[in-house]
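A.B. asks: So I've got this file, structure-v4.cif, and it contains mmCIF, C-alpha atoms:
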data_final
#
loop_
_atom_site.group_PDB
_atom_site.id
_atom_site.type_symbol
_atom_site.label_atom_id
_atom_site.label_comp_id
_atom_site.auth_asym_id
_atom_site.auth_seq_id
_atom_site.Cartn_x
_atom_site.Cartn_y
_atom_site.Cartn_z
ATOM 1 C CA MET A 1 -14.384 26.283 22.485
ATOM 2 C CA GLU A 2 -14.819 22.586 21.806
ATOM 3 C CA LEU A 3 -18.323 21.901 20.499
ATOM 4 C CA ARG A 4 -17.881 18.182 19.976
ATOM 5 C CA THR A 5 -19.165 15.829 22.632
ATOM 6 C CA PRO A 6 -16.595 13.726 24.491
ATOM 7 C CA LEU A 7 -18.182 10.601 22.960
ATOM 8 C CA GLY A 8 -17.954 12.044 19.440
ATOM 9 C CA ARG A 9 -14.302 12.960 19.984
ATOM 10 C CA VAL A 10 -13.426 9.522 21.276
ATOM 11 C CA LEU A 11 -15.201 7.719 18.431
ATOM 12 C CA GLY A 12 -13.465 10.012 15.909
ATOM 13 C CA LEU A 13 -15.995 9.263 13.170
ATOM 14 C CA GLY A 14 -16.615 12.846 11.959
ATOM 15 C CA SER A 15 -19.715 14.165 10.198
ATOM 16 C CA ALA A 16 -19.867 11.349 7.644
ATOM 17 C CA LYS A 17 -19.834 8.796 10.506
ATOM 18 C CA GLN A 18 -17.121 6.813 8.729
ATOM 19 C CA GLY A 19 -13.984 8.227 10.293
ATOM 20 C CA THR A 20 -10.806 7.469 8.358
ATOM 21 C CA ASP A 21 -12.358 4.405 6.699
ATOM 22 C CA HIS A 22 -12.332 5.839 3.154
ATOM 23 C CA PHE A 23 -8.769 7.172 3.485
ATOM 24 C CA TRP A 24 -7.480 3.937 4.985
ATOM 25 C CA ARG A 25 -9.099 1.612 2.416
ATOM 26 C CA GLN A 26 -7.632 3.793 -0.329
ATOM 27 C CA ARG A 27 -4.157 3.261 1.187
ATOM 28 C CA VAL A 28 -4.555 -0.461 1.839
ATOM 29 C CA THR A 29 -5.713 -1.116 -1.737
ATOM 30 C CA ALA A 30 -2.954 1.210 -3.042
ATOM 31 C CA VAL A 31 -0.303 -0.945 -1.355
ATOM 32 C CA ALA A 32 -2.020 -4.128 -2.554
ATOM 33 C CA ASN A 33 -2.168 -2.695 -6.084
ATOM 34 C CA LEU A 34 1.602 -2.075 -6.112
ATOM 35 C CA PHE A 35 2.122 -5.842 -5.980
ATOM 36 C CA LEU A 36 -0.976 -6.975 -7.867
ATOM 37 C CA ILE A 37 -0.623 -4.545 -10.782
ATOM 38 C CA THR A 38 3.071 -5.433 -11.085
ATOM 39 C CA PHE A 39 2.010 -9.086 -11.410
ATOM 40 C CA PHE A 40 -0.711 -8.125 -13.905
ATOM 41 C CA VAL A 41 1.677 -6.109 -16.105
ATOM 42 C CA ILE A 42 4.165 -9.020 -16.161
ATOM 43 C CA PHE A 43 1.305 -11.406 -17.014
ATOM 44 C CA ILE A 44 0.225 -9.222 -19.953
ATOM 45 C CA VAL A 45 3.833 -8.782 -21.141
ATOM 46 C CA VAL A 46 4.313 -12.567 -21.164
ATOM 47 C CA TYR A 47 0.937 -13.532 -22.674
ATOM 48 C CA ASN A 48 0.223 -10.651 -25.074
ATOM 49 C CA GLY A 49 -0.493 -11.893 -28.576
ATOM 50 C CA GLU A 50 -0.565 -15.551 -27.516
ATOM 51 C CA PRO A 51 -3.245 -17.801 -29.048
ATOM 52 C CA HIS A 52 -6.480 -18.467 -27.158
ATOM 53 C CA ALA A 53 -5.440 -21.914 -25.868
ATOM 54 C CA VAL A 54 -2.233 -20.563 -24.295
ATOM 55 C CA VAL A 55 -4.008 -17.652 -22.554
ATOM 56 C CA THR A 56 -6.869 -19.797 -21.228
ATOM 57 C CA GLY A 57 -4.315 -22.425 -20.181
ATOM 58 C CA ALA A 58 -2.505 -19.798 -18.115
ATOM 59 C CA LEU A 59 -5.778 -18.527 -16.605
ATOM 60 C CA ALA A 60 -6.694 -22.113 -15.672
ATOM 61 C CA ASN A 61 -3.664 -22.169 -13.360
ATOM 62 C CA PRO A 62 -5.102 -21.743 -9.825
ATOM 63 C CA LEU A 63 -2.408 -19.313 -8.674
ATOM 64 C CA ILE A 64 -2.789 -17.086 -11.738
ATOM 65 C CA ALA A 65 -6.600 -17.252 -11.568
ATOM 66 C CA VAL A 66 -6.620 -16.217 -7.896
ATOM 67 C CA LEU A 67 -4.099 -13.413 -8.498
ATOM 68 C CA ILE A 68 -6.043 -12.020 -11.485
ATOM 69 C CA GLY A 69 -9.200 -12.158 -9.358
ATOM 70 C CA LEU A 70 -7.436 -10.202 -6.617
ATOM 71 C CA VAL A 71 -6.104 -7.678 -9.182
ATOM 72 C CA VAL A 72 -9.694 -7.058 -10.240
ATOM 73 C CA LEU A 73 -11.061 -6.747 -6.692
ATOM 74 C CA SER A 74 -8.312 -4.520 -5.298
ATOM 75 C CA ALA A 75 -8.237 -2.257 -8.368
ATOM 76 C CA LEU A 76 -12.029 -1.863 -8.437
ATOM 77 C CA ILE A 77 -12.299 -1.018 -4.721
ATOM 78 C CA HIS A 78 -9.460 1.505 -5.113
ATOM 79 C CA MET A 79 -10.904 3.147 -8.212
ATOM 80 C CA ARG A 80 -14.416 3.342 -6.751
ATOM 81 C CA LEU A 81 -13.051 5.261 -3.742
ATOM 82 C CA GLY A 82 -11.025 7.541 -6.018
ATOM 83 C CA MET A 83 -13.905 8.310 -8.363
ATOM 84 C CA GLN A 84 -16.123 9.054 -5.362
ATOM 85 C CA VAL A 85 -13.678 11.789 -4.309
ATOM 86 C CA ILE A 86 -13.661 13.233 -7.837
ATOM 87 C CA ILE A 87 -17.483 13.311 -7.876
ATOM 88 C CA GLU A 88 -17.649 14.894 -4.428
ATOM 89 C CA ASP A 89 -15.085 17.523 -5.444
ATOM 90 C CA TYR A 90 -16.685 18.680 -8.679
ATOM 91 C CA ILE A 91 -20.429 17.952 -8.479
ATOM 92 C CA HIS A 92 -22.156 20.492 -6.275
ATOM 93 C CA ASN A 93 -25.788 19.612 -6.998
ATOM 94 C CA GLU A 94 -26.785 17.293 -4.145
ATOM 95 C CA ALA A 95 -29.198 15.098 -6.134
ATOM 96 C CA ILE A 96 -26.834 14.616 -9.073
ATOM 97 C CA LYS A 97 -23.970 13.963 -6.669
ATOM 98 C CA ILE A 98 -25.867 11.180 -4.881
ATOM 99 C CA LEU A 99 -26.900 9.622 -8.203
ATOM 100 C CA LEU A 100 -23.321 9.703 -9.524
ATOM 101 C CA VAL A 101 -21.866 8.267 -6.316
ATOM 102 C CA MET A 102 -24.421 5.473 -6.638
ATOM 103 C CA ALA A 103 -23.670 4.986 -10.360
ATOM 104 C CA ASN A 104 -19.981 4.829 -9.433
ATOM 105 C CA THR A 105 -20.664 1.846 -7.167
ATOM 106 C CA PHE A 106 -22.841 0.178 -9.815
ATOM 107 C CA PHE A 107 -20.110 0.632 -12.438
ATOM 108 C CA ALA A 108 -17.433 -0.920 -10.211
ATOM 109 C CA ILE A 109 -19.681 -3.866 -9.350
ATOM 110 C CA ALA A 110 -20.712 -4.396 -12.989
ATOM 111 C CA VAL A 111 -17.076 -4.471 -14.177
ATOM 112 C CA GLY A 112 -16.218 -6.723 -11.233
ATOM 113 C CA GLY A 113 -19.087 -9.099 -12.037
ATOM 114 C CA LEU A 114 -17.955 -9.471 -15.647
ATOM 115 C CA CYS A 115 -14.276 -9.929 -14.768
ATOM 116 C CA LEU A 116 -14.850 -12.376 -11.928
ATOM 117 C CA PHE A 117 -17.318 -14.465 -13.963
ATOM 118 C CA ALA A 118 -14.705 -14.791 -16.709
ATOM 119 C CA VAL A 119 -11.864 -15.521 -14.256
ATOM 120 C CA LEU A 120 -13.903 -18.162 -12.403
ATOM 121 C CA LYS A 121 -15.126 -19.782 -15.600
ATOM 122 C CA LEU A 122 -11.569 -20.062 -16.937
ATOM 123 C CA GLY A 123 -10.178 -21.026 -13.532
ATOM 124 C CA PHE A 124 -12.644 -23.917 -13.306
ATOM 125 C CA GLY A 125 -11.641 -25.124 -16.747
ATOM 126 C CA GLY A 126 -13.433 -22.899 -19.297
ATOM 127 C CA MET B 1 -28.588 31.408 6.181
ATOM 128 C CA SER B 2 -27.219 30.237 2.861
ATOM 129 C CA ASP B 3 -27.281 33.849 1.544
ATOM 130 C CA VAL B 4 -24.384 34.610 3.854
ATOM 131 C CA THR B 5 -22.055 32.417 1.822
ATOM 132 C CA ARG B 6 -23.301 33.444 -1.607
ATOM 133 C CA ASN B 7 -21.311 36.667 -1.993
ATOM 134 C CA ARG B 8 -18.077 35.516 -0.450
ATOM 135 C CA PRO B 9 -15.042 36.360 -2.564
ATOM 136 C CA LEU B 10 -13.630 33.330 -4.355
ATOM 137 C CA SER B 11 -9.980 32.474 -3.970
ATOM 138 C CA PRO B 12 -7.864 32.586 -7.126
ATOM 139 C CA HIS B 13 -8.178 29.256 -8.870
ATOM 140 C CA LEU B 14 -6.412 27.148 -11.509
ATOM 141 C CA THR B 15 -6.441 29.739 -14.283
ATOM 142 C CA ILE B 16 -4.522 32.334 -12.299
ATOM 143 C CA TYR B 17 -1.566 30.234 -11.129
ATOM 144 C CA LYS B 18 1.611 29.638 -13.112
ATOM 145 C CA PRO B 19 1.736 25.890 -13.831
ATOM 146 C CA ILE B 20 4.368 24.248 -11.628
ATOM 147 C CA PRO B 21 5.555 20.612 -11.701
ATOM 148 C CA THR B 22 3.829 19.512 -8.477
ATOM 149 C CA MET B 23 0.531 21.027 -9.622
ATOM 150 C CA MET B 24 0.754 19.453 -13.092
ATOM 151 C CA MET B 25 1.568 16.016 -11.632
ATOM 152 C CA SER B 26 -1.294 16.337 -9.157
ATOM 153 C CA ILE B 27 -3.680 17.008 -12.036
ATOM 154 C CA ALA B 28 -2.092 14.171 -14.026
ATOM 155 C CA HIS B 29 -2.548 11.832 -11.063
ATOM 156 C CA ARG B 30 -6.266 12.520 -10.967
ATOM 157 C CA MET B 31 -6.672 12.356 -14.753
ATOM 158 C CA THR B 32 -4.763 9.074 -15.060
ATOM 159 C CA GLY B 33 -6.852 7.679 -12.206
ATOM 160 C CA ALA B 34 -10.056 8.594 -14.039
ATOM 161 C CA ALA B 35 -8.713 7.158 -17.313
ATOM 162 C CA LEU B 36 -7.754 3.889 -15.594
ATOM 163 C CA TYR B 37 -11.253 3.772 -14.086
ATOM 164 C CA PHE B 38 -12.930 3.659 -17.491
ATOM 165 C CA GLY B 39 -10.105 1.542 -18.884
ATOM 166 C CA THR B 40 -11.156 -1.352 -16.642
ATOM 167 C CA VAL B 41 -13.870 -1.924 -19.263
ATOM 168 C CA LEU B 42 -11.043 -3.031 -21.594
ATOM 169 C CA LEU B 43 -9.817 -5.516 -18.977
ATOM 170 C CA ALA B 44 -13.343 -6.887 -18.509
ATOM 171 C CA TRP B 45 -13.776 -7.138 -22.287
ATOM 172 C CA TRP B 46 -10.501 -9.025 -22.694
ATOM 173 C CA LEU B 47 -11.233 -11.474 -19.843
ATOM 174 C CA VAL B 48 -14.806 -12.087 -21.014
ATOM 175 C CA ALA B 49 -13.492 -12.632 -24.556
ATOM 176 C CA ALA B 50 -11.003 -15.216 -23.260
ATOM 177 C CA SER B 51 -13.820 -17.035 -21.460
ATOM 178 C CA ALA B 52 -16.218 -16.767 -24.443
ATOM 179 C CA GLY B 53 -14.191 -18.881 -26.849
ATOM 180 C CA GLU B 54 -11.451 -18.843 -29.423
ATOM 181 C CA ALA B 55 -13.169 -17.030 -32.309
ATOM 182 C CA TYR B 56 -14.324 -14.073 -30.232
ATOM 183 C CA PHE B 57 -11.010 -13.889 -28.343
ATOM 184 C CA GLU B 58 -8.991 -13.734 -31.569
ATOM 185 C CA TRP B 59 -11.311 -10.999 -32.883
ATOM 186 C CA VAL B 60 -10.860 -8.913 -29.705
ATOM 187 C CA ASN B 61 -7.108 -9.571 -29.762
ATOM 188 C CA GLY B 62 -7.086 -8.298 -33.343
ATOM 189 C CA ILE B 63 -8.647 -5.017 -32.199
ATOM 190 C CA PHE B 64 -6.151 -4.647 -29.338
ATOM 191 C CA GLY B 65 -3.348 -5.531 -31.756
ATOM 192 C CA SER B 66 -4.364 -2.951 -34.384
ATOM 193 C CA PHE B 67 -2.590 0.407 -34.507
ATOM 194 C CA PRO B 68 -5.387 2.372 -32.733
ATOM 195 C CA GLY B 69 -5.707 -0.464 -30.213
ATOM 196 C CA GLN B 70 -1.981 -0.443 -29.499
ATOM 197 C CA LEU B 71 -2.031 3.347 -29.174
ATOM 198 C CA VAL B 72 -4.813 3.182 -26.566
ATOM 199 C CA LEU B 73 -2.998 0.409 -24.681
ATOM 200 C CA PHE B 74 0.281 2.342 -24.830
ATOM 201 C CA PHE B 75 -1.290 5.381 -23.164
ATOM 202 C CA TYR B 76 -3.150 3.077 -20.796
ATOM 203 C CA THR B 77 0.210 1.611 -19.745
ATOM 204 C CA TRP B 78 1.591 5.107 -19.215
ATOM 205 C CA ALA B 79 -1.481 6.112 -17.160
ATOM 206 C CA LEU B 80 -1.036 2.986 -15.032
ATOM 207 C CA MET B 81 2.667 3.658 -14.415
ATOM 208 C CA HIS B 82 2.137 7.356 -13.785
ATOM 209 C CA HIS B 83 -0.668 6.696 -11.323
ATOM 210 C CA MET B 84 1.383 3.985 -9.610
ATOM 211 C CA LEU B 85 4.467 6.197 -9.156
ATOM 212 C CA GLY B 86 2.260 9.136 -8.182
ATOM 213 C CA GLY B 87 0.588 6.890 -5.635
ATOM 214 C CA MET B 88 3.945 5.820 -4.173
ATOM 215 C CA ARG B 89 4.746 9.534 -3.808
ATOM 216 C CA HIS B 90 1.497 9.923 -1.862
ATOM 217 C CA LEU B 91 2.374 6.971 0.391
ATOM 218 C CA VAL B 92 5.696 8.668 1.207
ATOM 219 C CA TRP B 93 3.865 11.929 1.911
ATOM 220 C CA ASP B 94 1.498 10.025 4.226
ATOM 221 C CA THR B 95 4.486 9.443 6.515
ATOM 222 C CA GLY B 96 5.144 13.200 6.602
ATOM 223 C CA ARG B 97 8.344 12.970 4.554
ATOM 224 C CA GLY B 98 9.251 14.717 1.308
ATOM 225 C CA MET B 99 6.779 17.556 1.597
ATOM 226 C CA ASP B 100 9.198 20.495 1.291
ATOM 227 C CA LYS B 101 9.380 22.432 -1.966
ATOM 228 C CA ASP B 102 12.561 20.895 -3.369
ATOM 229 C CA ALA B 103 11.704 17.287 -2.499
ATOM 230 C CA SER B 104 8.139 17.489 -3.801
ATOM 231 C CA THR B 105 9.329 19.098 -7.053
ATOM 232 C CA ARG B 106 11.935 16.337 -7.472
ATOM 233 C CA PHE B 107 9.165 13.771 -6.816
ATOM 234 C CA ALA B 108 7.041 15.420 -9.504
ATOM 235 C CA TRP B 109 9.764 15.183 -12.165
ATOM 236 C CA ALA B 110 10.668 11.648 -11.040
ATOM 237 C CA THR B 111 7.024 10.600 -11.436
ATOM 238 C CA LEU B 112 6.940 11.896 -15.002
ATOM 239 C CA GLY B 113 10.374 10.582 -16.008
ATOM 240 C CA GLY B 114 9.850 7.261 -14.244
ATOM 241 C CA SER B 115 6.451 6.650 -15.778
ATOM 242 C CA ILE B 116 7.693 7.320 -19.326
ATOM 243 C CA THR B 117 10.768 5.119 -18.777
ATOM 244 C CA LEU B 118 8.746 2.240 -17.295
ATOM 245 C CA THR B 119 6.155 2.449 -20.090
ATOM 246 C CA ILE B 120 8.829 2.196 -22.788
ATOM 247 C CA LEU B 121 10.555 -0.688 -20.980
ATOM 248 C CA ILE B 122 7.247 -2.570 -20.590
ATOM 249 C CA TRP B 123 6.486 -2.174 -24.303
ATOM 250 C CA ILE B 124 9.941 -3.318 -25.327
ATOM 251 C CA ALA B 125 9.492 -6.374 -23.077
ATOM 252 C CA GLY B 126 5.986 -6.872 -24.508
ATOM 253 C CA TYR B 127 7.279 -7.015 -28.096
ATOM 254 C CA VAL B 128 10.193 -9.269 -27.096
ATOM 255 C CA PHE B 129 7.754 -11.749 -25.480
ATOM 256 C CA ARG B 130 4.989 -11.290 -28.075
ATOM 257 C CA GLY B 131 3.513 -14.664 -29.020
#
So that I can check it, write out the structure of this file as structure tokens.

C.D. replies:
Amino acid sequence: MELRTPLGRVLGLGSAKQGTDHFWRQRVTAVANLFLITFFVIFIVVYNGEPHAVVTGALANPLIAVLIGLVVLSALIHMRLGMQVIIEDYIHNEAIKILLVMANTFFAIAVGGLCLFAVLKLGFGG
Amino acid sequence: MSDVTRNRPLSPHLTIYKPIPTMMMSIAHRMTGAALYFGTVLLAWWLVAASAGEAYFEWVNGIFGSFPGQLVLFFYTWALMHHMLGGMRHLVWDTGRGMDKDASTRFAWATLGGSITLTILIWIAGYVFRG
């Protein structure tokens, strides 16, 4: 017996009302990360141990600044989704779960705020 | 209502299964993901240090360049590579391919071997390019 309403079935949003949104964003950012993290690793390999002026000079390059900014954004969105799944899997107390899911978002935004401030400051010339 | 579920028998869990490659790599995928999550603080620290000025940047670089710093970054590199290869395995699985026992076990070993190989190659390249 099908208990779902025809409208509910057609919308396909499920009990969380978000459908496949979480799953899909995880995949989109995963694919983006394949390219962005590869760029980031090469950047670190090339600039590791370089003096301050060389590193800030590189980060003042518009292309590099934009790419590092995108690395930060894509990685943080991806990791926030992943950590949310970990919390939902292991934390069974409803109140603690909600607080941790919220803290997870705050953490991602805080790290993002710090990174993007630094990237923008350097991108606009230190 | 909730009493109905309270005395249900629990299925055998982690402690009762023999560890197998796919299971170990699944656990490693989640653990490396969690480690990378907290490791973003290191990225933020490094970027903020670069934007804060030369003296502070050189001090932070000194910490990253010390033996404990390098050790943390080495394992961070491995976590990144392992999670990346593990993620590519998941993207293949999303298409419905490679889910049989033999293929998924090969994927598991390839994830481990590939991540260790890539990590070593990245560190060799890092020391070759080191400024």

A.B. asks: Set the cut-off to 6 Å and count all atoms listed in the file: what are the residues of chain B that reach chain A? Output as a PyMOL selection string.

C.D. replies: chain B and resi 37+44+47-48+51+54+126+129-131

A.B. asks: Using all atoms listed in the file, find the one residue out of B:Val60, B:Leu112, B:Trp46, B:Thr40 that sits nearest to A:Leu73.

C.D. replies: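 Checking each candidate against A:Leu73, we get B:Thr40 as the closest.
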
A.B. asks: Just give me the gap between atom CA of A:Gln84 and atom CA of A:Val71 in Å, one decimal is fine.

C.D. replies: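 Separation of atom CA of A:Gln84 and atom CA of A:Val71: 19.9 Å.
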
A.B. asks: Could you name the residues that touch B:Met24 at 12 Å or less, counting all atoms listed in the file, but leaving out those on the same chain fewer than 6 positions away, as a ChimeraX atom specification?

C.D. replies: /B:14,17-18,30-32,86,105,107-109,111-112

A.B. asks: Report as a list in words the full result of the PyMOL selection byres ((chain B and resi 80) around 10) when it is applied to this structure.

C.D. replies: Ile37 and Val41 of chain A; His29, Thr32, Gly33, Ala35, Leu36, Gly39, Phe74, Phe75, Tyr76, Thr77, Trp78, Ala79, Met81, His82, His83, Met84, Leu85, Gly86, Ser115 and Thr119 of chain B

A.B. asks: Keeping only C-alpha atoms, take the residues you just selected and write them out as a CSV table (one decimal), in the frame of the given file.

C.D. replies:
chain,number,residue,atom,x,y,z
A,37,ILE,CA,-0.6,-4.5,-10.8
A,41,VAL,CA,1.7,-6.1,-16.1
B,29,HIS,CA,-2.5,11.8,-11.1
B,32,THR,CA,-4.8,9.1,-15.1
B,33,GLY,CA,-6.9,7.7,-12.2
B,35,ALA,CA,-8.7,7.2,-17.3
B,36,LEU,CA,-7.8,3.9,-15.6
B,39,GLY,CA,-10.1,1.5,-18.9
B,74,PHE,CA,0.3,2.3,-24.8
B,75,PHE,CA,-1.3,5.4,-23.2
B,76,TYR,CA,-3.2,3.1,-20.8
B,77,THR,CA,0.2,1.6,-19.7
B,78,TRP,CA,1.6,5.1,-19.2
B,79,ALA,CA,-1.5,6.1,-17.2
B,81,MET,CA,2.7,3.7,-14.4
B,82,HIS,CA,2.1,7.4,-13.8
B,83,HIS,CA,-0.7,6.7,-11.3
B,84,MET,CA,1.4,4.0,-9.6
B,85,LEU,CA,4.5,6.2,-9.2
B,86,GLY,CA,2.3,9.1,-8.2
B,115,SER,CA,6.5,6.6,-15.8
B,119,THR,CA,6.2,2.4,-20.1

A.B. asks: Can you work out the spacing between atom CA of A:Ile87 and atom CA of A:Leu100 in Å, to one decimal?

C.D. replies: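 Between these atoms lies a distance of 7.1 Å.
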
A.B. asks: Excluding B:Asp94 and residues on its chain fewer than 4 positions from it, collect all residues at most 12 Å away from it, counting all atoms listed in the file, and give them as a ChimeraX atom specification.

C.D. replies: /A:23-24,26-27 /B:87-90,98-99

A.B. asks: Between atom CA of A:Ile91 and atom CA of B:Arg6, measure the distance and give it in Å to one decimal.

C.D. replies: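 According to the coordinates, atom CA of A:Ile91 and atom CA of B:Arg6 are separated by 17.2 Å.
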
A.B. asks: Provide an axis-aligned box for all listed atoms of stretch 63-72 of chain A, padding each side by 3 Å; report its centre and its edge lengths in Å to one decimal, as AutoDock Vina command-line options.

C.D. replies:
--center_x -6.1 --center_y -13.2 --center_z -9.2 --size_x 13.3 --size_y 18.3 --size_z 11.1

A.B. asks: Within 12 Å of A:Val10, counting all atoms listed in the file, which residues qualify if same-chain residues fewer than 5 places away don't, as a PyMOL selection string?

C.D. replies: chain A and resi 4-5+19

A.B. asks: Take the residues just selected and output them with C-alpha atoms as a compact mmCIF listing (two decimals), in the coordinates of the input.

C.D. replies:
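Listing of again.txt after writing:
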# COMPACT_ATOMS: atom_id res chain seq x y z
CA ARG A 4 -17.88 18.18 19.98
CA THR A 5 -19.16 15.83 22.63
CA GLY A 19 -13.98 8.23 10.29
